[in-house]
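*Asks:* File name model34.cif; file contents mmCIF, C-alpha atoms and all ligand atoms; full text below.
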```cif
data_entry
loop_
_atom_site.label_atom_id
_atom_site.label_comp_id
_atom_site.auth_asym_id
_atom_site.auth_seq_id
_atom_site.Cartn_x
_atom_site.Cartn_y
_atom_site.Cartn_z
CA MET Q 1 96.32 79.71 132.88
CA LYS Q 2 93.96 81.97 130.97
CA THR Q 3 94.99 84.93 128.84
CA ARG Q 4 93.30 87.38 126.50
CA ALA Q 5 94.58 87.10 122.92
CA ALA Q 6 93.66 88.62 119.54
CA VAL Q 7 92.65 85.61 117.43
CA LEU Q 8 92.21 85.53 113.65
CA ARG Q 9 89.62 82.90 112.70
CA LYS Q 10 89.55 83.31 108.92
CA SER Q 11 91.68 84.83 106.17
CA PRO Q 12 91.38 86.83 103.97
CA VAL Q 13 89.05 89.31 105.61
CA GLU Q 14 87.55 92.34 103.80
CA ARG Q 15 88.18 95.95 104.86
CA PRO Q 16 87.25 98.08 106.75
CA TYR Q 17 88.31 96.03 109.75
CA ALA Q 18 86.37 98.27 112.15
CA ASN Q 19 83.27 96.66 110.59
CA THR Q 20 84.44 93.13 109.71
CA ARG Q 21 86.45 92.70 112.97
CA PRO Q 22 88.96 90.05 111.81
CA LEU Q 23 90.54 89.84 115.25
CA SER Q 24 88.41 88.76 118.17
CA ILE Q 25 89.67 89.36 121.68
CA GLU Q 26 89.19 85.96 123.29
CA THR Q 27 90.03 84.42 126.63
CA VAL Q 28 92.11 81.36 125.73
CA ASP Q 29 94.04 78.66 127.59
CA LEU Q 30 97.81 79.13 127.75
CA ASP Q 31 99.87 76.10 128.76
CA PRO Q 32 102.91 76.51 131.02
CA PRO Q 33 106.29 76.94 129.25
CA GLY Q 34 108.09 73.79 128.09
CA PRO Q 35 111.69 73.12 129.20
CA ASP Q 36 113.25 75.62 126.76
CA GLU Q 37 110.45 78.21 126.86
CA LEU Q 38 109.43 81.36 128.71
CA LEU Q 39 106.16 82.75 129.98
CA VAL Q 40 106.20 86.47 129.16
CA ARG Q 41 103.81 89.19 130.34
CA ILE Q 42 103.49 91.42 127.30
CA GLY Q 43 104.16 95.11 127.93
CA ALA Q 44 103.72 96.48 124.40
CA ALA Q 45 103.15 95.06 120.92
CA GLY Q 46 103.40 96.93 117.60
CA LEU Q 47 101.24 96.45 114.50
CA CYS Q 48 103.40 95.43 111.53
CA HIS Q 49 102.38 95.03 107.91
CA SER Q 50 103.26 91.32 108.18
CA ASP Q 51 100.32 90.90 110.63
CA LEU Q 52 98.13 92.84 108.19
CA SER Q 53 99.26 90.54 105.37
CA VAL Q 54 97.98 87.51 107.31
CA ILE Q 55 94.61 89.26 107.74
CA ASN Q 56 94.31 90.36 104.09
CA GLY Q 57 95.57 87.05 102.68
CA ASP Q 58 98.90 88.27 101.24
CA ARG Q 59 100.63 85.86 103.62
CA PRO Q 60 98.38 82.81 103.88
CA ARG Q 61 98.64 81.16 107.31
CA SER Q 62 96.72 78.46 109.22
CA VAL Q 63 93.85 79.67 111.38
CA PRO Q 64 92.88 80.07 114.12
CA MET Q 65 96.02 82.08 114.74
CA ALA Q 66 96.92 84.52 117.53
CA LEU Q 67 98.68 87.44 115.79
CA GLY Q 68 101.39 89.88 116.91
CA HIS Q 69 105.17 89.47 116.59
CA GLU Q 70 106.78 92.86 117.41
CA ALA Q 71 106.79 93.01 121.18
CA ALA Q 72 108.49 93.52 124.50
CA GLY Q 73 107.56 92.12 127.88
CA THR Q 74 108.61 90.87 131.28
CA VAL Q 75 109.51 87.24 131.95
CA GLU Q 76 107.14 85.69 134.50
CA ALA Q 77 108.39 82.09 134.51
CA VAL Q 78 111.04 80.00 132.76
CA GLY Q 79 111.18 76.35 131.68
CA SER Q 80 113.37 73.79 133.49
CA SER Q 81 116.35 74.07 131.08
CA VAL Q 82 116.50 77.87 130.82
CA ARG Q 83 119.58 79.10 132.68
CA ASP Q 84 120.33 82.51 131.19
CA ILE Q 85 116.98 84.28 131.60
CA ALA Q 86 115.11 84.67 134.89
CA PRO Q 87 111.69 85.85 136.04
CA GLY Q 88 111.67 89.66 136.15
CA ASP Q 89 113.98 90.04 133.13
CA ARG Q 90 112.77 92.28 130.34
CA VAL Q 91 112.86 90.84 126.84
CA VAL Q 92 112.30 91.87 123.23
CA MET Q 93 110.80 89.15 121.04
CA SER Q 94 112.40 88.19 117.76
CA PHE Q 95 110.11 86.81 115.07
CA MET Q 96 112.41 84.04 113.88
CA PRO Q 97 113.51 81.56 116.55
CA SER Q 98 116.95 80.11 115.88
CA CYS Q 99 118.03 76.61 116.87
CA GLY Q 100 121.74 77.47 116.90
CA HIS Q 101 122.75 74.21 115.17
CA CYS Q 102 121.37 74.03 111.61
CA PRO Q 103 123.65 75.04 108.69
CA PRO Q 104 122.47 78.72 108.45
CA CYS Q 105 122.64 79.09 112.27
CA ALA Q 106 126.11 77.53 112.26
CA GLU Q 107 127.32 80.07 109.72
CA GLY Q 108 125.97 82.97 111.79
CA ARG Q 109 122.74 83.59 109.88
CA PRO Q 110 119.99 82.85 112.44
CA ALA Q 111 117.38 84.72 110.36
CA LEU Q 112 117.51 81.72 108.00
CA CYS Q 113 117.24 79.01 110.70
CA ILE Q 114 115.69 75.93 109.10
CA PRO Q 115 113.76 74.52 112.11
CA GLY Q 116 112.78 78.11 112.97
CA ALA Q 117 111.29 78.64 109.49
CA GLU Q 118 109.50 75.27 109.68
CA ALA Q 119 107.97 76.13 113.06
CA ASN Q 120 106.90 79.59 111.85
CA GLY Q 121 105.37 78.04 108.73
CA LYS Q 122 103.37 75.57 110.80
CA GLY Q 123 102.36 78.10 113.45
CA THR Q 124 104.10 76.31 116.31
CA LEU Q 125 106.86 77.29 118.71
CA LEU Q 126 110.40 76.05 117.97
CA SER Q 127 109.62 72.99 120.11
CA GLY Q 128 106.91 72.01 117.61
CA GLU Q 129 104.23 72.62 120.27
CA ARG Q 130 101.29 74.98 120.39
CA ARG Q 131 100.72 76.38 123.87
CA LEU Q 132 97.45 78.17 123.08
CA ARG Q 133 94.01 76.56 123.02
CA CYS Q 134 90.45 77.72 122.74
CA ASP Q 135 87.71 75.22 123.68
CA ALA Q 136 90.34 72.43 123.42
CA VAL Q 137 91.17 73.45 119.80
CA PRO Q 138 94.84 74.45 119.32
CA VAL Q 139 95.43 78.05 118.27
CA HIS Q 140 98.45 78.69 116.00
CA HIS Q 141 101.24 81.02 117.07
CA HIS Q 142 102.22 83.84 114.71
CA LEU Q 143 105.97 83.77 114.08
CA GLY Q 144 106.56 82.06 117.42
CA VAL Q 145 105.37 85.09 119.36
CA SER Q 146 101.56 85.83 119.34
CA ALA Q 147 102.00 89.02 121.28
CA PHE Q 148 98.61 90.71 120.92
CA ALA Q 149 97.85 89.10 124.27
CA ASP Q 150 98.33 89.72 127.97
CA TYR Q 151 100.69 86.72 128.18
CA ALA Q 152 102.65 84.64 125.68
CA VAL Q 153 104.70 81.45 125.91
CA VAL Q 154 107.68 81.68 123.56
CA SER Q 155 110.83 79.72 122.88
CA ARG Q 156 113.84 80.97 124.79
CA HIS Q 157 115.31 81.36 121.28
CA SER Q 158 112.56 83.85 120.36
CA ALA Q 159 113.61 86.33 123.08
CA VAL Q 160 116.53 88.71 123.70
CA ARG Q 161 117.14 90.08 127.18
CA ILE Q 162 117.44 93.86 127.40
CA GLU Q 163 118.03 96.39 130.16
CA ALA Q 164 114.95 97.26 132.18
CA ASP Q 165 114.90 101.03 131.75
CA LEU Q 166 113.82 101.26 128.10
CA PRO Q 167 110.08 102.08 127.87
CA MET Q 168 108.11 99.03 126.67
CA VAL Q 169 106.53 100.91 123.75
CA GLU Q 170 109.98 101.77 122.39
CA ALA Q 171 111.50 98.38 123.20
CA ALA Q 172 108.78 96.62 121.16
CA LEU Q 173 109.81 98.42 117.95
CA PHE Q 174 113.27 96.85 118.09
CA GLY Q 175 111.71 93.40 117.63
CA CYS Q 176 110.65 93.93 114.02
CA ALA Q 177 110.63 97.41 112.42
CA VAL Q 178 114.06 98.43 113.73
CA LEU Q 179 115.68 95.00 113.42
CA THR Q 180 114.43 94.69 109.84
CA GLY Q 181 114.96 98.25 108.60
CA VAL Q 182 118.22 99.16 110.31
CA GLY Q 183 119.55 95.63 109.72
CA ALA Q 184 118.79 95.87 105.99
CA VAL Q 185 121.08 98.91 105.81
CA VAL Q 186 123.90 97.90 108.13
CA ASN Q 187 123.95 94.11 107.66
CA THR Q 188 122.39 93.28 104.28
CA CYS Q 189 123.77 96.30 102.39
CA GLN Q 190 126.71 97.09 104.71
CA VAL Q 191 126.41 100.77 103.83
CA LYS Q 192 129.67 102.72 104.21
CA PRO Q 193 129.99 106.39 105.25
CA GLY Q 194 129.60 108.69 102.26
CA GLN Q 195 127.53 106.26 100.18
CA SER Q 196 124.03 106.92 98.86
CA VAL Q 197 120.96 104.96 99.95
CA ALA Q 198 117.38 105.00 98.66
CA VAL Q 199 114.48 103.49 100.59
CA VAL Q 200 111.32 102.62 98.64
CA GLY Q 201 108.34 102.22 101.00
CA LEU Q 202 108.30 104.34 104.14
CA GLY Q 203 106.37 102.42 106.78
CA GLY Q 204 107.91 101.32 110.08
CA VAL Q 205 110.47 99.17 108.29
CA GLY Q 206 111.38 101.72 105.61
CA LEU Q 207 111.65 104.67 107.99
CA ALA Q 208 113.82 102.56 110.29
CA ALA Q 209 116.01 101.96 107.22
CA VAL Q 210 116.14 105.75 106.67
CA LEU Q 211 117.30 106.18 110.29
CA GLY Q 212 119.80 103.36 109.83
CA ALA Q 213 121.21 104.96 106.67
CA ILE Q 214 121.67 108.28 108.48
CA ALA Q 215 123.33 106.50 111.44
CA ALA Q 216 125.62 104.64 109.03
CA GLY Q 217 126.83 107.97 107.62
CA ALA Q 218 125.17 107.83 104.21
CA GLU Q 219 125.73 111.06 102.30
CA ARG Q 220 122.44 110.92 100.35
CA VAL Q 221 119.34 109.30 101.81
CA VAL Q 222 116.58 109.22 99.21
CA ALA Q 223 113.06 108.51 100.47
CA VAL Q 224 110.41 107.15 98.07
CA ASP Q 225 106.74 106.40 98.76
CA LEU Q 226 103.29 106.74 97.21
CA SER Q 227 102.23 109.04 100.06
CA GLU Q 228 103.21 112.73 100.43
CA ASP Q 229 102.82 112.46 104.21
CA LYS Q 230 105.39 109.66 104.42
CA LEU Q 231 107.83 111.75 102.35
CA LYS Q 232 107.38 114.71 104.70
CA LEU Q 233 108.08 112.54 107.71
CA ALA Q 234 111.18 111.00 106.08
CA LEU Q 235 112.55 114.51 105.41
CA GLN Q 236 111.88 115.48 109.04
CA LEU Q 237 113.80 112.39 110.14
CA GLY Q 238 116.80 113.48 108.05
CA ALA Q 239 116.34 112.04 104.55
CA THR Q 240 118.09 114.36 102.06
CA ASP Q 241 115.72 113.83 99.10
CA ALA Q 242 112.14 112.65 98.68
CA PHE Q 243 110.26 111.45 95.60
CA LEU Q 244 106.69 110.34 94.96
CA ALA Q 245 106.66 106.77 93.65
CA GLY Q 246 103.49 107.44 91.63
CA ASP Q 247 105.23 109.98 89.38
CA PRO Q 248 105.72 108.26 85.98
CA ASP Q 249 109.18 109.86 85.67
CA VAL Q 250 110.29 109.08 89.21
CA ALA Q 251 113.10 106.67 88.24
CA GLU Q 252 114.65 109.14 85.79
CA LYS Q 253 114.34 111.97 88.31
CA ILE Q 254 116.12 109.95 91.03
CA ARG Q 255 118.83 108.74 88.63
CA GLU Q 256 119.43 112.32 87.56
CA ALA Q 257 119.45 113.69 91.12
CA THR Q 258 121.93 111.00 92.21
CA ARG Q 259 124.07 111.12 89.01
CA GLY Q 260 123.22 107.66 87.76
CA GLY Q 261 121.53 106.05 90.73
CA VAL Q 262 122.22 105.18 94.36
CA ASP Q 263 124.81 102.77 95.76
CA HIS Q 264 122.11 100.88 97.69
CA ALA Q 265 118.35 100.79 97.22
CA VAL Q 266 116.22 99.10 99.87
CA GLU Q 267 112.69 98.02 98.95
CA ALA Q 268 110.48 98.03 102.07
CA ALA Q 269 106.97 98.13 100.58
CA GLY Q 270 106.13 94.49 99.86
CA SER Q 271 105.25 95.09 96.22
CA VAL Q 272 106.85 94.07 92.95
CA ARG Q 273 106.39 97.59 91.57
CA ALA Q 274 108.36 98.99 94.48
CA PHE Q 275 111.13 96.43 93.95
CA GLU Q 276 111.34 97.17 90.24
CA LEU Q 277 111.63 100.88 91.01
CA ALA Q 278 114.35 100.16 93.58
CA TYR Q 279 116.25 98.19 90.93
CA ARG Q 280 115.91 100.97 88.35
CA ILE Q 281 117.32 103.61 90.69
CA THR Q 282 120.35 101.52 91.75
CA ARG Q 283 123.60 102.62 90.06
CA ARG Q 284 125.90 100.49 87.92
CA GLY Q 285 127.63 98.10 90.31
CA GLY Q 286 125.12 98.88 93.07
CA LEU Q 287 123.07 96.71 95.38
CA THR Q 288 119.27 96.41 95.49
CA ALA Q 289 117.97 94.83 98.71
CA SER Q 290 114.42 93.58 99.09
CA ALA Q 291 112.91 93.53 102.58
CA GLY Q 292 109.20 93.74 101.72
CA LEU Q 293 107.15 90.56 101.67
CA ALA Q 294 105.06 90.39 98.51
CA HIS Q 295 102.27 87.85 97.88
CA PRO Q 296 103.84 84.37 97.37
CA SER Q 297 102.59 84.24 93.76
CA SER Q 298 104.45 87.47 92.81
CA GLN Q 299 107.23 87.29 90.21
CA ILE Q 300 109.88 89.94 89.58
CA ALA Q 301 110.86 91.00 86.04
CA ILE Q 302 114.18 92.81 85.52
CA PRO Q 303 116.22 93.43 82.35
CA ALA Q 304 118.55 90.41 82.42
CA VAL Q 305 121.49 92.05 80.70
CA SER Q 306 121.72 94.86 83.24
CA LEU Q 307 122.51 92.33 85.97
CA VAL Q 308 125.61 91.20 84.07
CA ALA Q 309 126.79 94.23 82.14
CA GLU Q 310 126.27 96.54 85.12
CA GLU Q 311 127.47 94.00 87.71
CA ARG Q 312 124.38 94.51 89.82
CA THR Q 313 123.65 92.73 93.09
CA ILE Q 314 120.17 91.79 94.28
CA ARG Q 315 119.92 90.59 97.84
CA GLY Q 316 117.01 89.47 99.98
CA SER Q 317 116.92 90.81 103.53
CA TYR Q 318 115.03 88.77 106.11
CA MET Q 319 114.99 90.17 109.65
CA GLY Q 320 117.62 92.63 108.41
CA SER Q 321 120.11 89.74 108.13
CA CYS Q 322 120.43 90.28 111.89
CA VAL Q 323 121.73 88.21 114.76
CA PRO Q 324 119.07 89.39 117.23
CA SER Q 325 121.13 88.73 120.38
CA ARG Q 326 123.93 90.87 118.90
CA ASP Q 327 121.95 93.51 117.02
CA ILE Q 328 119.02 94.34 119.34
CA PRO Q 329 121.38 95.49 122.16
CA ARG Q 330 123.57 97.25 119.57
CA PHE Q 331 120.65 99.16 118.05
CA ILE Q 332 119.30 100.01 121.53
CA ALA Q 333 122.74 101.43 122.42
CA LEU Q 334 122.65 103.64 119.30
CA HIS Q 335 119.14 104.75 120.28
CA ARG Q 336 120.35 105.71 123.76
CA ARG Q 337 123.13 107.83 122.25
CA GLY Q 338 120.54 109.68 120.16
CA LYS Q 339 121.86 108.17 116.91
CA LEU Q 340 118.74 106.12 116.17
CA PRO Q 341 115.63 108.04 117.26
CA VAL Q 342 113.23 105.13 116.81
CA ASP Q 343 110.70 106.79 119.14
CA ARG Q 344 109.89 108.97 116.08
CA LEU Q 345 108.37 105.86 114.44
CA LEU Q 346 105.78 105.58 117.21
CA SER Q 347 102.56 107.19 115.92
CA SER Q 348 100.03 106.15 118.58
CA THR Q 349 99.21 103.68 121.32
CA GLY Q 350 95.93 102.05 122.29
CA PRO Q 351 94.27 99.14 124.08
CA LEU Q 352 93.87 95.60 122.76
CA GLU Q 353 90.11 96.14 122.32
CA GLU Q 354 90.76 98.71 119.55
CA ILE Q 355 93.12 96.56 117.50
CA ASN Q 356 90.79 96.20 114.48
CA GLU Q 357 90.44 99.98 114.17
CA ALA Q 358 94.23 100.26 114.49
CA PHE Q 359 94.74 97.81 111.60
CA ASP Q 360 92.56 100.10 109.44
CA LEU Q 361 94.95 102.96 110.27
CA LEU Q 362 97.98 100.86 109.25
CA ASP Q 363 96.21 99.67 106.09
CA GLN Q 364 95.41 103.27 105.11
CA GLY Q 365 98.99 104.41 105.80
CA ARG Q 366 97.79 106.74 108.55
CA VAL Q 367 100.22 105.43 111.19
CA ILE Q 368 103.86 104.37 111.10
CA ARG Q 369 103.76 102.19 114.19
CA HIS Q 370 100.67 101.88 116.38
CA VAL Q 371 101.55 100.03 119.57
CA ILE Q 372 99.12 98.11 121.78
CA THR Q 373 99.81 98.68 125.46
CA PHE Q 374 98.83 96.37 128.31
N1 LIG P 401 111.97 91.12 105.61
C1 LIG P 401 111.50 91.08 106.82
O1 LIG P 401 112.07 90.43 107.70
C2 LIG P 401 110.26 91.85 107.15
C3 LIG P 401 109.95 92.19 108.48
C4 LIG P 401 108.85 93.01 108.72
C5 LIG P 401 108.05 93.45 107.69
N2 LIG P 401 108.34 93.04 106.41
C6 LIG P 401 107.57 93.49 105.26
O2 LIG P 401 108.06 94.77 104.93
C7 LIG P 401 107.01 95.52 104.29
C8 LIG P 401 106.86 96.85 105.01
O3 LIG P 401 106.35 96.65 106.32
P1 LIG P 401 105.81 97.90 107.16
O4 LIG P 401 105.26 97.36 108.43
O5 LIG P 401 106.83 98.97 107.19
O6 LIG P 401 104.58 98.34 106.22
P2 LIG P 401 103.71 99.69 106.13
O7 LIG P 401 102.39 99.30 105.62
O8 LIG P 401 103.80 100.44 107.40
O9 LIG P 401 104.50 100.54 105.02
C9 LIG P 401 104.56 100.20 103.67
C10 LIG P 401 104.82 101.49 102.90
O10 LIG P 401 105.07 101.14 101.54
C11 LIG P 401 104.45 102.13 100.73
N3 LIG P 401 104.27 101.59 99.39
C12 LIG P 401 103.38 100.65 98.96
N4 LIG P 401 103.54 100.43 97.64
C13 LIG P 401 104.54 101.22 97.23
C14 LIG P 401 105.16 101.44 95.98
N5 LIG P 401 104.78 100.79 94.87
N6 LIG P 401 106.18 102.32 95.91
C15 LIG P 401 106.58 103.00 97.01
N7 LIG P 401 106.03 102.83 98.23
C16 LIG P 401 105.02 101.96 98.33
C17 LIG P 401 103.17 102.46 101.47
O11 LIG P 401 102.66 103.72 101.06
C18 LIG P 401 103.64 102.45 102.91
O12 LIG P 401 104.10 103.74 103.33
C19 LIG P 401 105.78 94.61 104.35
O13 LIG P 401 105.71 93.90 103.12
C20 LIG P 401 106.09 93.67 105.49
O14 LIG P 401 105.39 92.44 105.38
C21 LIG P 401 109.43 92.27 106.14
ZN ZN P 402 106.99 92.58 111.43
ZN ZN P 403 118.91 76.95 113.10
#
```
Mind turning this structure into structure tokens?
Ligand SMILES: NC(=O)c1ccc[n+]([C@@H]2O[C@H](COP(=O)([O-])OP(=O)(O)OC[C@H]3O[C@@H](n4cnc5c(N)ncnc54)[C@H](O)[C@@H]3O)[C@@H](O)[C@H]2O)c1
Ligand SMILES: [Zn+2]
Ligand SMILES: [Zn+2]
*Replies:*
Amino acid sequence: MKTRAAVLRKSPVERPYANTRPLSIETVDLDPPGPDELLVRIGAAGLCHSDLSVINGDRPRSVPMALGHEAAGTVEAVGSSVRDIAPGDRVVMSFMPSCGHCPPCAEGRPALCIPGAEANGKGTLLSGERRLRCDAVPVHHHLGVSAFADYAVVSRHSAVRIEADLPMVEAALFGCAVLTGVGAVVNTCQVKPGQSVAVVGLGGVGLAAVLGAIAAGAERVVAVDLSEDKLKLALQLGATDAFLAGDPDVAEKIREATRGGVDHAVEAAGSVRAFELAYRITRRGGLTASAGLAHPSSQIAIPAVSLVAEERTIRGSYMGSCVPSRDIPRFIALHRRGKLPVDRLLSSTGPLEEINEAFDLLDQGRVIRHVITF
């Protein structure tokens, strides 16, 4: 069949994207789903910084590539071996397919699936296939999803079935921003009621972490960003303290305000500077989690002795250390009870044709989540 898709043909691309138009809306061929795959009609797809990083070269990927990985849709058709999902079901996409059998999958850590990471690195589905083509040339899938499109073929292991009554624009956010941000707090850090949490970097991921920290019962929730507007929004969402990251004394101010630093600091900016700040504001014995994705050449420098003498923990957080089939329904249930108001992360919606302009807004920090609707 044919579908429209937003295709990136070279990387990096200069800003502003409204002029350079890195994504072209093309009509491409989409093959039918393989045995363990689904054809999904996309309902909504959010713009995440990880898509932006493919465009600006911070995350080098093979082109041509159809972008978009934070999405929800309706299943139109299923492959011959799919038994537990049927046409008409509503699904949220997860951006790391999990095989269920490799060592990390076997120990309950599907975010680290080895075949899943290989497929994502190569721009294929978990099956190793590409289902998209343009003039007979294969188009790579982004993170097994490629959701800036009317239709997508995805692995069954890239989708989680949800109830049908959640609006698509909200459902989409659970696929990346919420899974990553809330998961970083509840799974990676395992924040306990009464503890203190700082979040450095307040985009969709970081603000979801703020919401997660509040839901987890954190006593202090410290929001840190370079932008005043992001701090204001974090305070409106329930953060207890807010600090500008650009202030040269910010680390000392946060350490003083929290009497020696926070129990958990989550970096959600994708920059080494942000990570180093997160480390400096973590208390003795505390945990610093890194969820941002910096350029692959980036190196982190920390005072070595502090790690030992202060018994610090540094932990990476990919996909919020989540099990998507467990955590997406769990986070949606919290949302329904009013404990996780993720709709507050939704800044704007728009059509696929305006996606380049929308990436400028994300790049300039003028939206939290902009969601493409179909
Ligand atoms: N670990 C994962 O599984 C995962 C999943 C999704 C996104 N990510 C990554 O997480 C990061 C955040 O994604 P997003 O979509 O929320 O991005 P975003 O662009 O919406 O937000 C990033 C925020 O970080 C702030 N920031 C930048 N440098 C900073 C600094 N030095 N100190 C403090 N704040 C700073 C920006 O002002 C902005 O508000 C990106 O690097 C993205 O690639 C990781
Ligand atoms: Zn993402
Ligand atoms: Zn696996």
*Asks:* Could you report the residues within 8 Å of ligand LIG 401 (chain P), using all atoms listed in the file, as a PyMOL selection string?
*Replies:* chain Q and resi 47-53+176-177+180-181+200-207+224-227+230+244-246+268-275+277+290-294+316-320+362-363+365+367-369
*Asks:* Which is closest to ligand ZN 402 (chain P) among Q:Val221, Q:Val308, Q:Val40, Q:Ala71, if we use only C-alpha atoms and all ligand atoms?
*Replies:*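 Once distances to ligand ZN 402 (chain P) are computed over only C-alpha atoms and all ligand atoms, the minimum belongs to Q:Ala71.
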*Asks:* When the cut-off is 9 Å and you count all atoms listed in the file, which residues lie near ligand ZN 403 (chain P), shown as a ChimeraX atom specification?
*Replies:* /Q:97-106,109-117
*Asks:* Using Å and a single decimal, report how far atom CA of Lys339 of chain Q sits from atom CA of Arg259 of chain Q.
*Replies:*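 Taking atom CA of Arg259 of chain Q as the start and atom CA of Lys339 of chain Q as the end point, the length is 28.1 Å.
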*Asks:* Mind pulling up the distance from atom CA of Tyr17 of chain Q to atom CA of Gly43 of chain Q?
*Replies:*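 These atoms are spaced 24.1 Å apart.
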*Asks:* Quick one: of Q:Ala72, Q:Met168, Q:Leu125, Q:Leu179, who's nearest to ligand ZN 402 (chain P), counting all atoms listed in the file?
*Replies:*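 The shortest atom-to-atom distance to ligand ZN 402 (chain P) comes from Q:Leu179.
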*Asks:* Determine, counting all atoms listed in the file, which protein, DNA and RNA residues have an atom within 8 Å of an atom of segment 138-154 of chain Q; residues of the same chain fewer than 6 positions away are not included. Present the result as number ranges by chain.
*Replies:* Q: 3-6, 30-33, 37-43, 45, 62-71, 93-97, 119-126, 130-132, 352, 372, 374
*Asks:* Neighbours of Lys192 of chain Q within 10 Å (all atoms listed in the file; same-chain residues fewer than 5 positions away dropped), as a VMD selection string?
*Replies:* chain Q and resid 185 to 186 197 213 216 to 219 263
*Asks:* Tell me which protein, DNA and RNA residues are within 12 Å of Ala257 of chain Q, counting only C-alpha atoms, leaving out same-chain ones fewer than 5 positions away, and put them as a compact mmCIF listing (two decimals) with C-alpha atoms, keeping the file's coordinate frame.
*Replies:*
```
# COMPACT_ATOMS: atom_id res chain seq x y z
CA SER Q 196 124.03 106.92 98.86
CA ALA Q 198 117.38 105.00 98.66
CA ARG Q 220 122.44 110.92 100.35
CA VAL Q 221 119.34 109.30 101.81
CA VAL Q 222 116.58 109.22 99.21
CA THR Q 240 118.09 114.36 102.06
CA ASP Q 241 115.72 113.83 99.10
CA ALA Q 242 112.14 112.65 98.68
CA PHE Q 243 110.26 111.45 95.60
CA VAL Q 250 110.29 109.08 89.21
CA ALA Q 251 113.10 106.67 88.24
CA GLU Q 252 114.65 109.14 85.79
CA VAL Q 262 122.22 105.18 94.36
CA ILE Q 281 117.32 103.61 90.69
CA ARG Q 283 123.60 102.62 90.06
```
*Asks:* What would the file be for segment 156-168 of chain Q if you keep N, CA and C atoms and write it as a CSV table (one decimal), in the first residue's frame?
*Replies:*
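Everything below was put into selection_7.csv:
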```
chain,number,residue,atom,x,y,z
Q,156,ARG,N,5.3,-6.6,16.5
Q,156,ARG,CA,4.3,-6.8,17.6
Q,156,ARG,C,4.9,-6.4,18.9
Q,157,HIS,N,6.3,-6.6,19.0
Q,157,HIS,CA,7.0,-6.3,20.2
Q,157,HIS,C,7.4,-4.8,20.3
Q,158,SER,N,6.9,-4.0,19.4
Q,158,SER,CA,7.0,-2.5,19.5
Q,158,SER,C,5.7,-1.9,19.9
Q,159,ALA,N,4.7,-2.7,20.3
Q,159,ALA,CA,3.4,-2.1,20.6
Q,159,ALA,C,2.8,-2.7,21.9
Q,160,VAL,N,2.1,-1.8,22.6
Q,160,VAL,CA,1.4,-2.2,23.8
Q,160,VAL,C,-0.1,-1.8,23.6
Q,161,ARG,N,-1.0,-2.8,23.8
Q,161,ARG,CA,-2.4,-2.6,23.7
Q,161,ARG,C,-2.9,-1.8,24.9
Q,162,ILE,N,-3.7,-0.8,24.6
Q,162,ILE,CA,-4.3,0.1,25.6
Q,162,ILE,C,-5.8,0.1,25.5
Q,163,GLU,N,-6.6,0.6,26.5
Q,163,GLU,CA,-8.0,0.8,26.3
Q,163,GLU,C,-8.3,1.9,25.3
Q,164,ALA,N,-9.5,1.8,24.7
Q,164,ALA,CA,-9.8,2.6,23.5
Q,164,ALA,C,-10.2,4.0,23.9
Q,165,ASP,N,-10.5,4.3,25.1
Q,165,ASP,CA,-11.1,5.6,25.4
Q,165,ASP,C,-10.1,6.8,25.7
Q,166,LEU,N,-8.8,6.5,25.8
Q,166,LEU,CA,-7.8,7.5,26.0
Q,166,LEU,C,-7.6,8.3,24.7
Q,167,PRO,N,-7.7,9.7,24.7
Q,167,PRO,CA,-7.5,10.4,23.5
Q,167,PRO,C,-6.1,10.1,22.9
Q,168,MET,N,-6.1,10.0,21.5
Q,168,MET,CA,-4.8,9.6,20.9
Q,168,MET,C,-3.7,10.5,21.2
```
